[in-house]
Protein chains: 2
Amino acid sequence: MGTPEENIRSFKFERVLNQDTGRKTLNLLGTIDGQYAIITAEKTAFSATSPATLVSPDQGLTALNLLQKNDIYHWFMGTIAQSAADNAAVKVNMIYPCTDVHIKKYSAQQLHMVVETPEIYDKYVLKYIKQKTEGGRLNWVYNILSHKEESEKIIFEDEDPKMGFILLPDLKWDLVTMTTLYLSVIVHRTDIRSIRDFTPAHIPFLNGLRTKVLNAVSEKYSLSRDFLKIYVHYQPSYYHFHIHVVHISHDMGASASVGKAILLDEVIQVLEVMKIAQSASGKELGYKDLDMTYTLGEEHDLWKKVFGPLSSGAEPTI
Amino acid sequence: MGTPEENIRSFKFERVLNQDTGRKTLNLLGTIDGQYAIITAEKTAFSATSPATLVSPDQGLTALNLLQKNDIYHWFMGTIAQSAADNAAVKVNMIYPCTDVHIKKYSAQQLHMVVETPEIYDKYVLKYIKQKTEGGRLNWVYNILSHKEESEKIIFEDEDPKMGFILLPDLKWDLVTMTTLYLSVIVHRTDIRSIRDFTPAHIPFLNGLRTKVLNAVSEKYSLSRDFLKIYVHYQPSYYHFHIHVVHISHDMGASASVGKAILLDEVIQVLEVMKIAQSASGKELGYKDLDMTYTLGEEHDLWKKVFGPLSSGAEPTI
């Protein structure tokens with residue numbers, strides 16, 4: 001086993017796992033000394049500290065090729081000054097040796113739009129959710145809620161067991177850059193697994209949560225309340241009710257896209273309409289009665305066990 | 001006035017208009033020969049044709065600095081081989097001379113989350129929509145629908161004046177790359193300005209549209225129907241009902257994010273709940289009765305004329 005530099009230089013390329021031409025990233029699988037390794041590369045962002053030097057031939061554009069010109073519009077391709085020490089062109093991560101779990105994690109997944117009807121939810125998805133919540137799988141959440149773990153991260157807490165919540169930064173936030181602010185709100189009550197459990201009876205809880213979260217975050221960070229975007233995920237990554245609070249200017253990609261994210265305000269509006277329907281008809285209504293349309297990757301258990309089989313006419317194996 | 005290369009080299013930097021650290025772009029305002037010019041730069045994506053050479057010291061990583069190491073995880077910063085002619089590091093556009101309209105277009109806009117109540121819609125937004133639909137402002141849409149313009153672009157048409165639509169590629173699609181497929185559906189009927197006009201009576205229209213669009217697109221491009229994501233915008237960019245059809249793997253950024261996009265399936269579900277409420281209570285219900293929460297840039301007329309004034313306690317000027 002050599003130094004990390006020697007190891008990366010002896011990387012034998014096998015295949016591209018994933019590529020994002022928008023964000024300029026590349027994930028490669030290969031081997032080093034016969035063991036699997038993953039190399040992920042990402043072009044760096046432009047330096048914000050010296051934008052004035054962008055056009056200079058020594059510090060910015062070291063070479064420049066005119067591609068095309070049309071009236072006032074000009075297109076060039078160019079090279080830019082770089083240095084691995086203080087002006088890198090690329091960030092490179094190496095995972096070596098890596099496992100199948102790493103390979104799966106860094107691979108592109110084929111996505112599918114699925115429609116989860118109330119029948120599919122009832123018959124299959126509920127069973128999946130039960131598997132995901134039993135056997136201590138949510139202990140890490142309860143550890144946060146009881147201050148056993150991560151208590152130093154808590155930004156704000158409302159201790160009320162029914163209406164309260166804990167507010168803490170998401171791992172993806174650097175805690176500094178306001179325009180990439182990303183916080184999680186984990187509620188104290190343990191009876192809501194996902195928005196499928198919501199009925200009109202939860203409107204006061206959600207309205208209260210909305211107000212308290214907006215107040216706490218805007219006060220803590222001196223941010224105007226209308227800079228904050230609040231949404232939930234369906235399917236969520238874990239089945240204890242939580243919401244996402246992000247800065248409105250932060251491009252969250254798939255995490256904030258329709259087919260994955262739903263505005264908290266929209267959830268409340270849908271429940272308000274259900275309330276009218278319920279009080280007029282006398283019949284109980286809730287999110288469990290809706291068709292939910294969302295995006296699923298082929299590696300997700302719900303695709304493998306439920307929607308994949310259903311799409312080929314087979315019986316789910318859950 | 002020199003050559004384009006001479007012009008860009010004599011660019012005098014004034015200020016950063018916008019920066020996207022996720023997509024690695026930078027927009028600068030400055031002057032050339034005393035006239036305003038905009039330079040936009042974007043780092044290039046990794047070449048997909050030669051991923052195997054990424055780690056080589058001459059073709060890929062020309063220099064490499066280990067930043068950190070933790071067990072199997074290693075982080076490096078590096079420099080990469082580049083050539084303005086055939087392996088550029090950066091694409092640069094120059095607009096020179098440019099106008100105020102260009103400057104506004106390439107500038108970052110402060111965004112706000114706004115809640116458009118039924119009262120605000122009724123009192124102010126409807127007036128704005130009327131301004132945007134009168135005086136021939138939608139003639140370009142009617143030209144498409146009557147085959148006067150862009151008829152060569154039509155991919156599919158259902159000519160029924162009530163239930164029909166025209167399907168054509170969005171300008172942002174290259175017409176080739178399937179994973180970035182982006183199509184627009186413009187309906188023939190002219191009585192729907194936005195989703196605010198929808199009531200439960202429109203459910204059959206929307207269900208029919210959904211089925212016909214999914215069939216037409218999946219057949220035309222031999223794509224599985226569950227690779228297609230269908231959504232609408234509120235506020236839309238023009239007030240004649242249209243929907244967006246994109247490939248599920250395409251990262252659409254803000255265009256597909258909550259606070260701007262709403263899944264067509266979600267619209268249908270909300271109308272279904274309204275239908276139950278309506279038939280039980282006898283009271284008419286529609287999207288005009290909901291609070292709509294969405295993102296508005298400060299350059300949008302609705303911010304300048306309605307929500308900006310309202311947020312500072314002033315009367316809208318619309």
# chains A, B, ... in the order shown; residues from 1 in each chain; ligands from 1

$ residues_around --residues "Pro51 of chain B" --least-positions-apart "3" --cutoff "10 Å" --atoms "only C-alpha atoms" --output "mmCIF file with C-alpha atoms, in the first residue's frame"
data_model
loop_
_atom_site.group_PDB
_atom_site.id
_atom_site.type_symbol
_atom_site.label_atom_id
_atom_site.label_comp_id
_atom_site.auth_asym_id
_atom_site.auth_seq_id
_atom_site.Cartn_x
_atom_site.Cartn_y
_atom_site.Cartn_z
ATOM 1 C CA PHE A 13 -10.364 2.860 -14.526
ATOM 2 C CA GLU A 14 -13.263 0.431 -14.858
ATOM 3 C CA ARG A 15 -16.464 2.436 -15.483
ATOM 4 C CA VAL A 16 -18.288 5.730 -14.941
ATOM 5 C CA LEU A 26 -17.824 12.763 -12.115
ATOM 6 C CA ASN A 27 -17.795 9.453 -10.176
ATOM 7 C CA LEU A 28 -15.457 6.713 -11.377
ATOM 8 C CA PHE B 46 -15.762 16.723 -17.275
ATOM 9 C CA SER B 47 -15.242 15.144 -20.666
ATOM 10 C CA ALA B 48 -17.265 11.944 -20.900
ATOM 11 C CA LEU B 54 -8.724 11.473 -15.289
ATOM 12 C CA VAL B 55 -5.990 10.330 -12.917
ATOM 13 C CA GLY B 60 -5.906 14.395 -16.185
#

$ closest_atom_pairs --of "segment 177-272 of chain B" --to "segment 256-277 of chain A" --cutoff "6 Å" --atoms "only C-alpha atoms" --output "CSV"
residue,atom,partner,partner_atom,distance
B:Ala256,CA,A:Ser257,CA,5.3
B:Ser257,CA,A:Ser257,CA,4.1
B:Val258,CA,A:Ser257,CA,5.8

$ write_last_selection --atoms "all heavy atoms" --output "PDB file, in the first residue's frame"
ATOM      1  N   ALA B 256     -38.527  23.284 -11.274  1.00  0.00           N
ATOM      2  CA  ALA B 256     -39.279  22.125 -10.790  1.00  0.00           C
ATOM      3  C   ALA B 256     -39.360  22.100  -9.270  1.00  0.00           C
ATOM      4  O   ALA B 256     -39.733  21.093  -8.684  1.00  0.00           O
ATOM      5  CB  ALA B 256     -38.652  20.834 -11.307  1.00  0.00           C
ATOM      6  N   SER B 257     -38.994  23.212  -8.620  1.00  0.00           N
ATOM      7  CA  SER B 257     -38.967  23.233  -7.158  1.00  0.00           C
ATOM      8  C   SER B 257     -40.304  23.665  -6.566  1.00  0.00           C
ATOM      9  O   SER B 257     -41.035  24.443  -7.175  1.00  0.00           O
ATOM     10  CB  SER B 257     -37.892  24.203  -6.665  1.00  0.00           C
ATOM     11  OG  SER B 257     -36.625  23.691  -6.926  1.00  0.00           O
ATOM     12  N   VAL B 258     -40.571  23.169  -5.362  1.00  0.00           N
ATOM     13  CA  VAL B 258     -41.768  23.608  -4.664  1.00  0.00           C
ATOM     14  C   VAL B 258     -41.671  25.112  -4.426  1.00  0.00           C
ATOM     15  O   VAL B 258     -40.586  25.645  -4.213  1.00  0.00           O
ATOM     16  CB  VAL B 258     -41.972  22.861  -3.323  1.00  0.00           C
ATOM     17  CG1 VAL B 258     -42.343  21.414  -3.581  1.00  0.00           C
ATOM     18  CG2 VAL B 258     -40.754  22.968  -2.435  1.00  0.00           C
TER      19      VAL B 258
END

$ select_by_dssp --residues "segment 108-179 of chain A" --states "helix (DSSP H, G or I)" --output "PyMOL selection string"
chain A and resi 118-133+139-145+151-153+178-179

$ write_last_selection --atoms "N, CA and C atoms" --output "compact mmCIF listing (two decimals), in the first residue's frame"
# COMPACT_ATOMS: atom_id res chain seq x y z
N PRO A 118 -54.33 4.92 -2.38
CA PRO A 118 -54.64 4.53 -0.99
C PRO A 118 -54.58 3.02 -0.80
N GLU A 119 -54.94 2.25 -1.82
CA GLU A 119 -54.92 0.78 -1.72
C GLU A 119 -53.47 0.28 -1.61
N ILE A 120 -52.59 0.82 -2.45
CA ILE A 120 -51.19 0.40 -2.40
C ILE A 120 -50.57 0.79 -1.06
N TYR A 121 -50.92 2.00 -0.58
CA TYR A 121 -50.42 2.44 0.73
C TYR A 121 -50.84 1.46 1.81
N ASP A 122 -52.13 1.14 1.80
CA ASP A 122 -52.72 0.29 2.83
C ASP A 122 -52.16 -1.13 2.81
N LYS A 123 -52.02 -1.64 1.63
CA LYS A 123 -51.69 -3.06 1.47
C LYS A 123 -50.18 -3.31 1.59
N TYR A 124 -49.36 -2.38 1.08
CA TYR A 124 -47.92 -2.65 1.01
C TYR A 124 -47.04 -1.62 1.73
N VAL A 125 -47.29 -0.34 1.45
CA VAL A 125 -46.36 0.69 1.94
C VAL A 125 -46.38 0.77 3.47
N LEU A 126 -47.59 0.62 4.05
CA LEU A 126 -47.70 0.65 5.51
C LEU A 126 -46.83 -0.44 6.15
N LYS A 127 -46.79 -1.61 5.49
CA LYS A 127 -45.98 -2.71 5.98
C LYS A 127 -44.49 -2.33 5.95
N TYR A 128 -44.09 -1.68 4.85
CA TYR A 128 -42.71 -1.21 4.72
C TYR A 128 -42.38 -0.20 5.83
N ILE A 129 -43.30 0.73 6.06
CA ILE A 129 -43.08 1.75 7.10
C ILE A 129 -42.95 1.09 8.47
N LYS A 130 -43.78 0.08 8.72
CA LYS A 130 -43.68 -0.62 10.01
C LYS A 130 -42.32 -1.28 10.17
N GLN A 131 -41.80 -1.89 9.12
CA GLN A 131 -40.46 -2.50 9.17
C GLN A 131 -39.40 -1.45 9.50
N LYS A 132 -39.60 -0.23 8.95
CA LYS A 132 -38.60 0.83 9.10
C LYS A 132 -38.68 1.52 10.46
N THR A 133 -39.72 1.22 11.24
CA THR A 133 -39.87 1.92 12.52
C THR A 133 -39.72 0.99 13.71
N ASN A 139 -34.21 4.74 17.11
CA ASN A 139 -33.57 5.13 18.37
C ASN A 139 -32.71 6.39 18.23
N TRP A 140 -32.06 6.54 17.08
CA TRP A 140 -31.20 7.72 16.89
C TRP A 140 -32.02 9.01 16.96
N VAL A 141 -33.29 8.93 16.50
CA VAL A 141 -34.17 10.11 16.59
C VAL A 141 -34.55 10.35 18.05
N TYR A 142 -34.93 9.27 18.75
CA TYR A 142 -35.32 9.42 20.16
C TYR A 142 -34.14 9.90 21.00
N ASN A 143 -32.92 9.50 20.62
CA ASN A 143 -31.73 9.99 21.33
C ASN A 143 -31.57 11.50 21.19
N ILE A 144 -31.88 12.01 20.00
CA ILE A 144 -31.85 13.47 19.82
C ILE A 144 -32.94 14.13 20.66
N LEU A 145 -34.14 13.57 20.58
CA LEU A 145 -35.28 14.19 21.28
C LEU A 145 -35.10 14.17 22.81
N SER A 151 -27.05 16.92 21.49
CA SER A 151 -27.72 18.01 22.20
C SER A 151 -26.98 19.33 22.00
N GLU A 152 -25.65 19.23 21.74
CA GLU A 152 -24.87 20.45 21.54
C GLU A 152 -25.24 21.16 20.24
N LYS A 153 -25.93 20.44 19.35
CA LYS A 153 -26.28 21.02 18.06
C LYS A 153 -27.62 21.76 18.08
N MET A 178 -25.20 32.00 4.94
CA MET A 178 -26.64 32.18 5.17
C MET A 178 -27.49 31.71 3.98
N THR A 179 -26.98 31.93 2.74
CA THR A 179 -27.80 31.57 1.57
C THR A 179 -27.85 30.06 1.34

$ calpha_fit_and_write --fixed "chain A" --moving "chain B" --output "short mmCIF file (atom, residue, chain, number, x, y, z; two decimals) with C-alpha atoms, in the first residue's frame"
data_model
loop_
_atom_site.label_atom_id
_atom_site.label_comp_id
_atom_site.auth_asym_id
_atom_site.auth_seq_id
_atom_site.Cartn_x
_atom_site.Cartn_y
_atom_site.Cartn_z
CA MET B 1 0.43 -0.06 -0.62
CA GLY B 2 1.97 3.21 -1.78
CA THR B 3 1.31 6.80 -0.80
CA PRO B 4 -2.14 8.20 -1.61
CA GLU B 5 -0.60 10.02 -4.61
CA GLU B 6 0.97 6.81 -5.89
CA ASN B 7 -2.28 4.96 -5.35
CA ILE B 8 -4.38 7.42 -7.32
CA ARG B 9 -1.86 7.38 -10.19
CA SER B 10 -2.11 3.61 -10.44
CA PHE B 11 -5.93 3.68 -10.57
CA LYS B 12 -7.20 1.36 -13.30
CA PHE B 13 -10.44 2.78 -14.72
CA GLU B 14 -13.36 0.38 -14.95
CA ARG B 15 -16.56 2.42 -15.48
CA VAL B 16 -18.33 5.72 -14.88
CA LEU B 17 -20.63 5.40 -11.86
CA ASN B 18 -22.28 8.79 -12.20
CA GLN B 19 -21.85 12.16 -13.85
CA ASP B 20 -23.50 15.52 -13.26
CA THR B 21 -22.86 17.93 -16.12
CA GLY B 22 -24.74 20.74 -14.33
CA ARG B 23 -22.64 20.64 -11.18
CA LYS B 24 -19.55 19.36 -13.01
CA THR B 25 -18.90 16.21 -11.04
CA LEU B 26 -17.73 12.76 -12.10
CA ASN B 27 -17.65 9.47 -10.15
CA LEU B 28 -15.39 6.69 -11.43
CA LEU B 29 -14.99 3.09 -10.34
CA GLY B 30 -11.70 1.31 -10.81
CA THR B 31 -9.08 -0.75 -9.03
CA ILE B 32 -5.79 -0.01 -7.29
CA ASP B 33 -3.57 -3.00 -6.61
CA GLY B 34 -6.51 -5.25 -7.46
CA GLN B 35 -8.84 -3.68 -4.88
CA TYR B 36 -11.87 -1.54 -5.74
CA ALA B 37 -11.49 2.23 -5.43
CA ILE B 38 -13.82 5.14 -6.21
CA ILE B 39 -12.56 8.47 -7.48
CA THR B 40 -14.95 11.42 -7.38
CA ALA B 41 -13.91 14.66 -9.04
CA GLU B 42 -15.58 18.07 -8.93
CA LYS B 43 -14.58 21.23 -10.77
CA THR B 44 -13.99 24.09 -8.34
CA ALA B 45 -16.16 27.20 -8.19
CA PHE B 46 -14.73 30.51 -9.35
CA SER B 47 -12.81 32.33 -6.66
CA ALA B 48 -14.95 35.11 -5.23
CA THR B 49 -11.95 36.94 -3.81
CA SER B 50 -10.44 38.03 -7.13
CA PRO B 51 -13.19 38.32 -9.77
CA ALA B 52 -11.45 41.38 -11.18
CA THR B 53 -8.61 39.22 -12.47
CA LEU B 54 -10.87 36.86 -14.44
CA VAL B 55 -10.04 38.36 -17.83
CA SER B 56 -6.31 38.86 -17.28
CA PRO B 57 -4.11 36.64 -19.48
CA ASP B 58 -1.84 35.58 -16.60
CA GLN B 59 -4.19 35.24 -13.59
CA GLY B 60 -7.52 34.55 -15.31
CA LEU B 61 -8.06 33.52 -18.90
CA THR B 62 -4.67 32.27 -20.03
CA ALA B 63 -6.01 31.46 -23.51
CA LEU B 64 -9.20 32.33 -25.32
CA ASN B 65 -10.82 31.04 -28.53
CA LEU B 66 -13.73 32.88 -30.13
CA LEU B 67 -16.41 30.32 -31.00
CA GLN B 68 -19.16 32.51 -32.38
CA LYS B 69 -20.40 36.08 -32.58
CA ASN B 70 -23.90 37.43 -33.21
CA ASP B 71 -24.43 41.17 -32.83
CA ILE B 72 -23.60 42.02 -29.20
CA TYR B 73 -23.30 38.32 -28.17
CA HIS B 74 -19.92 36.54 -28.16
CA TRP B 75 -19.03 32.97 -27.14
CA PHE B 76 -15.49 31.90 -26.22
CA MET B 77 -13.82 28.75 -24.91
CA GLY B 78 -10.75 29.26 -22.78
CA THR B 79 -8.18 27.98 -20.35
CA ILE B 80 -7.68 29.42 -16.89
CA ALA B 81 -4.73 29.85 -14.54
CA GLN B 82 -4.48 27.04 -11.98
CA SER B 83 -2.26 25.66 -9.25
CA ALA B 84 -2.84 22.56 -7.15
CA ALA B 85 -1.61 24.45 -4.08
CA ASP B 86 -3.58 27.69 -4.11
CA ASN B 87 -5.82 27.86 -7.17
CA ALA B 88 -6.94 24.31 -7.87
CA ALA B 89 -9.12 23.49 -10.87
CA VAL B 90 -10.47 20.32 -9.36
CA LYS B 91 -11.25 18.67 -6.02
CA VAL B 92 -10.63 14.92 -6.07
CA ASN B 93 -11.72 12.39 -3.48
CA MET B 94 -10.47 8.82 -3.40
CA ILE B 95 -12.11 6.02 -1.43
CA TYR B 96 -9.70 3.10 -1.31
CA PRO B 97 -10.27 0.34 -0.64
CA CYS B 98 -14.04 0.65 -1.02
CA THR B 99 -16.98 -1.69 -0.50
CA ASP B 100 -20.17 -2.48 -2.42
CA VAL B 101 -22.00 -0.01 -0.21
CA HIS B 102 -19.73 2.81 -1.40
CA ILE B 103 -20.17 1.74 -5.02
CA LYS B 104 -23.94 1.79 -4.69
CA LYS B 105 -23.86 5.17 -2.92
CA TYR B 106 -21.81 6.84 -5.68
CA SER B 107 -23.66 5.22 -8.59
CA ALA B 108 -26.37 6.84 -10.69
CA GLN B 109 -29.75 5.37 -9.96
CA GLN B 110 -32.46 5.07 -12.55
CA LEU B 111 -35.44 7.01 -11.19
CA HIS B 112 -39.14 6.31 -11.73
CA MET B 113 -42.28 8.36 -11.15
CA VAL B 114 -44.73 6.23 -9.19
CA VAL B 115 -48.33 6.78 -8.19
CA GLU B 116 -49.04 5.45 -4.71
CA THR B 117 -52.80 4.95 -4.54
CA PRO B 118 -54.60 4.62 -1.17
CA GLU B 119 -54.85 0.88 -1.93
CA ILE B 120 -51.10 0.49 -2.52
CA TYR B 121 -50.40 2.50 0.63
CA ASP B 122 -52.74 0.37 2.68
CA LYS B 123 -51.71 -2.98 1.31
CA TYR B 124 -47.92 -2.60 0.94
CA VAL B 125 -46.38 0.74 1.92
CA LEU B 126 -47.78 0.69 5.46
CA LYS B 127 -46.08 -2.67 5.95
CA TYR B 128 -42.78 -1.19 4.76
CA ILE B 129 -43.19 1.78 7.14
CA LYS B 130 -43.86 -0.61 10.03
CA GLN B 131 -40.63 -2.48 9.24
CA LYS B 132 -38.77 0.83 9.24
CA THR B 133 -40.11 1.93 12.62
CA GLU B 134 -39.85 -1.28 14.68
CA GLY B 135 -36.90 -2.96 16.37
CA GLY B 136 -35.35 0.26 17.67
CA ARG B 137 -34.75 1.73 14.22
CA LEU B 138 -35.95 5.15 15.39
CA ASN B 139 -33.90 5.11 18.60
CA TRP B 140 -31.51 7.69 17.18
CA VAL B 141 -34.47 10.08 16.83
CA TYR B 142 -35.69 9.38 20.36
CA ASN B 143 -32.12 9.94 21.62
CA ILE B 144 -32.19 13.42 20.13
CA LEU B 145 -35.67 14.14 21.53
CA SER B 146 -34.62 13.00 25.03
CA HIS B 147 -31.30 14.92 24.90
CA LYS B 148 -29.26 11.72 25.10
CA GLU B 149 -27.49 12.57 21.84
CA GLU B 150 -26.70 15.70 19.84
CA SER B 151 -28.11 17.94 22.58
CA GLU B 152 -25.23 20.37 22.01
CA LYS B 153 -26.58 20.96 18.49
CA ILE B 154 -30.09 22.02 19.55
CA ILE B 155 -30.84 25.55 18.36
CA PHE B 156 -34.33 25.84 19.79
CA GLU B 157 -36.74 23.61 21.60
CA ASP B 158 -40.44 23.77 22.39
CA GLU B 159 -40.78 21.08 25.06
CA ASP B 160 -44.53 20.58 24.80
CA PRO B 161 -44.97 16.81 24.20
CA LYS B 162 -47.94 17.33 21.85
CA MET B 163 -47.19 20.63 20.07
CA GLY B 164 -43.42 20.93 20.62
CA PHE B 165 -40.33 20.23 18.56
CA ILE B 166 -36.55 20.34 18.43
CA LEU B 167 -34.80 22.52 15.87
CA LEU B 168 -31.27 21.60 14.83
CA PRO B 169 -28.96 22.14 11.85
CA ASP B 170 -28.88 19.60 9.08
CA LEU B 171 -25.52 17.87 8.59
CA LYS B 172 -25.22 19.44 5.14
CA TRP B 173 -25.16 23.00 6.51
CA ASP B 174 -21.78 24.60 7.32
CA LEU B 175 -23.42 26.65 10.13
CA VAL B 176 -21.93 29.85 8.69
CA THR B 177 -23.21 30.66 5.20
CA MET B 178 -26.69 32.16 5.64
CA THR B 179 -27.75 31.57 2.02
CA THR B 180 -27.19 27.82 2.43
CA LEU B 181 -28.98 27.60 5.80
CA TYR B 182 -30.57 24.16 6.22
CA LEU B 183 -32.31 23.12 9.45
CA SER B 184 -34.40 20.17 10.58
CA VAL B 185 -37.46 20.30 12.80
CA ILE B 186 -38.18 17.05 14.65
CA VAL B 187 -41.51 17.01 16.47
CA HIS B 188 -41.86 15.64 20.00
CA ARG B 189 -45.07 13.70 19.36
CA THR B 190 -44.42 10.18 18.15
CA ASP B 191 -47.75 9.36 16.49
CA ILE B 192 -47.09 10.74 12.99
CA ARG B 193 -45.03 8.58 10.67
CA SER B 194 -45.48 10.66 7.51
CA ILE B 195 -47.93 13.12 5.95
CA ARG B 196 -50.12 10.09 5.13
CA ASP B 197 -51.18 10.22 8.81
CA PHE B 198 -52.53 13.79 8.60
CA THR B 199 -56.23 14.58 8.79
CA PRO B 200 -58.01 17.94 9.18
CA ALA B 201 -57.69 17.46 12.97
CA HIS B 202 -53.97 18.24 12.61
CA ILE B 203 -54.47 21.73 11.15
CA PRO B 204 -53.98 23.57 14.49
CA PHE B 205 -50.85 21.50 15.20
CA LEU B 206 -49.35 22.33 11.78
CA ASN B 207 -50.29 26.01 11.91
CA GLY B 208 -48.74 26.28 15.37
CA LEU B 209 -45.60 24.49 14.20
CA ARG B 210 -45.30 26.77 11.17
CA THR B 211 -45.55 29.95 13.25
CA LYS B 212 -43.21 28.77 16.02
CA VAL B 213 -40.56 27.51 13.58
CA LEU B 214 -40.63 30.70 11.49
CA ASN B 215 -40.31 32.81 14.65
CA ALA B 216 -37.51 30.73 16.16
CA VAL B 217 -35.39 30.57 12.99
CA SER B 218 -35.84 34.20 11.97
CA GLU B 219 -34.98 35.40 15.50
CA LYS B 220 -32.00 33.09 15.94
CA TYR B 221 -30.41 34.11 12.64
CA SER B 222 -31.86 37.64 12.24
CA LEU B 223 -33.43 36.55 8.97
CA SER B 224 -36.64 37.90 7.52
CA ARG B 225 -39.34 35.22 7.76
CA ASP B 226 -39.99 35.42 4.03
CA PHE B 227 -36.44 34.19 3.33
CA LEU B 228 -37.40 30.76 4.71
CA LYS B 229 -38.80 27.87 2.70
CA ILE B 230 -40.47 25.07 4.69
CA TYR B 231 -41.27 21.67 3.25
CA VAL B 232 -41.70 17.98 3.99
CA HIS B 233 -40.63 14.91 2.05
CA TYR B 234 -42.76 12.06 0.81
CA GLN B 235 -41.37 9.46 1.06
CA PRO B 236 -39.31 10.79 3.98
CA SER B 237 -35.96 9.21 4.86
CA TYR B 238 -37.25 8.21 8.31
CA TYR B 239 -40.75 7.75 9.63
CA HIS B 240 -40.99 10.19 12.50
CA PHE B 241 -42.56 13.47 11.42
CA HIS B 242 -39.97 16.14 10.62
CA ILE B 243 -39.78 19.17 8.38
CA HIS B 244 -37.01 20.92 6.42
CA VAL B 245 -36.28 24.64 6.72
CA VAL B 246 -33.95 26.12 4.11
CA HIS B 247 -32.87 29.54 2.92
CA ILE B 248 -34.93 30.58 -0.10
CA SER B 249 -31.77 31.30 -2.15
CA HIS B 250 -30.28 27.85 -1.61
CA ASP B 251 -30.49 25.57 -4.66
CA MET B 252 -31.45 22.27 -3.00
CA GLY B 253 -31.71 20.22 -6.20
CA ALA B 254 -33.83 17.06 -5.88
CA SER B 255 -34.40 17.59 -2.15
CA ALA B 256 -36.70 20.56 -2.85
CA SER B 257 -38.14 19.35 -6.16
CA VAL B 258 -41.71 18.34 -6.84
CA GLY B 259 -42.04 14.57 -6.70
CA LYS B 260 -40.06 14.58 -3.43
CA ALA B 261 -40.83 17.83 -1.54
CA ILE B 262 -44.21 19.33 -0.59
CA LEU B 263 -44.55 22.81 0.92
CA LEU B 264 -45.87 22.74 4.48
CA ASP B 265 -48.29 25.50 3.42
CA GLU B 266 -49.65 23.24 0.68
CA VAL B 267 -50.24 20.41 3.16
CA ILE B 268 -52.22 22.79 5.37
CA GLN B 269 -54.28 24.00 2.40
CA VAL B 270 -55.14 20.45 1.31
CA LEU B 271 -56.21 19.64 4.88
CA GLU B 272 -58.39 22.79 4.91
CA VAL B 273 -60.23 21.57 1.80
CA MET B 274 -60.57 18.11 3.38
CA LYS B 275 -62.07 19.78 6.43
CA ILE B 276 -64.82 21.38 4.34
CA ALA B 277 -65.48 18.07 2.59
CA GLN B 278 -65.52 16.19 5.87
CA SER B 279 -67.84 18.50 7.74
CA ALA B 280 -70.27 18.61 4.81
CA SER B 281 -70.28 14.89 4.06
CA GLY B 282 -69.69 13.51 7.55
CA LYS B 283 -67.11 11.14 6.06
CA GLU B 284 -63.57 11.18 7.45
CA LEU B 285 -60.88 12.25 5.01
CA GLY B 286 -57.10 12.46 5.23
CA TYR B 287 -53.88 12.23 3.27
CA LYS B 288 -54.33 8.43 3.39
CA ASP B 289 -57.13 8.89 0.82
CA LEU B 290 -55.04 10.61 -1.88
CA ASP B 291 -53.01 9.34 -4.80
CA MET B 292 -49.44 10.41 -4.01
CA THR B 293 -47.12 10.78 -7.02
CA TYR B 294 -43.39 10.76 -6.34
CA THR B 295 -39.91 9.88 -7.56
CA LEU B 296 -38.28 6.61 -6.52
CA GLY B 297 -34.76 5.40 -7.25
CA GLU B 298 -34.30 1.76 -8.23
CA GLU B 299 -32.15 1.19 -5.14
CA HIS B 300 -34.99 2.23 -2.81
CA ASP B 301 -36.61 -0.72 -1.05
CA LEU B 302 -40.06 0.52 -2.06
CA TRP B 303 -39.02 0.22 -5.72
CA LYS B 304 -37.40 -3.16 -5.27
CA LYS B 305 -40.17 -4.67 -3.16
CA VAL B 306 -43.37 -2.86 -4.22
CA PHE B 307 -43.37 -0.59 -7.29
CA GLY B 308 -40.86 -2.53 -9.38
CA PRO B 309 -42.86 -5.77 -9.06
CA LEU B 310 -46.18 -3.91 -9.58
CA SER B 311 -44.85 -2.25 -12.77
CA SER B 312 -44.10 -5.66 -14.25
CA GLY B 313 -47.43 -7.13 -13.15
CA ALA B 314 -45.94 -9.17 -10.29
CA GLU B 315 -47.05 -9.37 -6.69
CA PRO B 316 -45.02 -7.22 -4.24
CA THR B 317 -42.65 -9.21 -2.08
CA ILE B 318 -42.92 -7.10 1.05
#
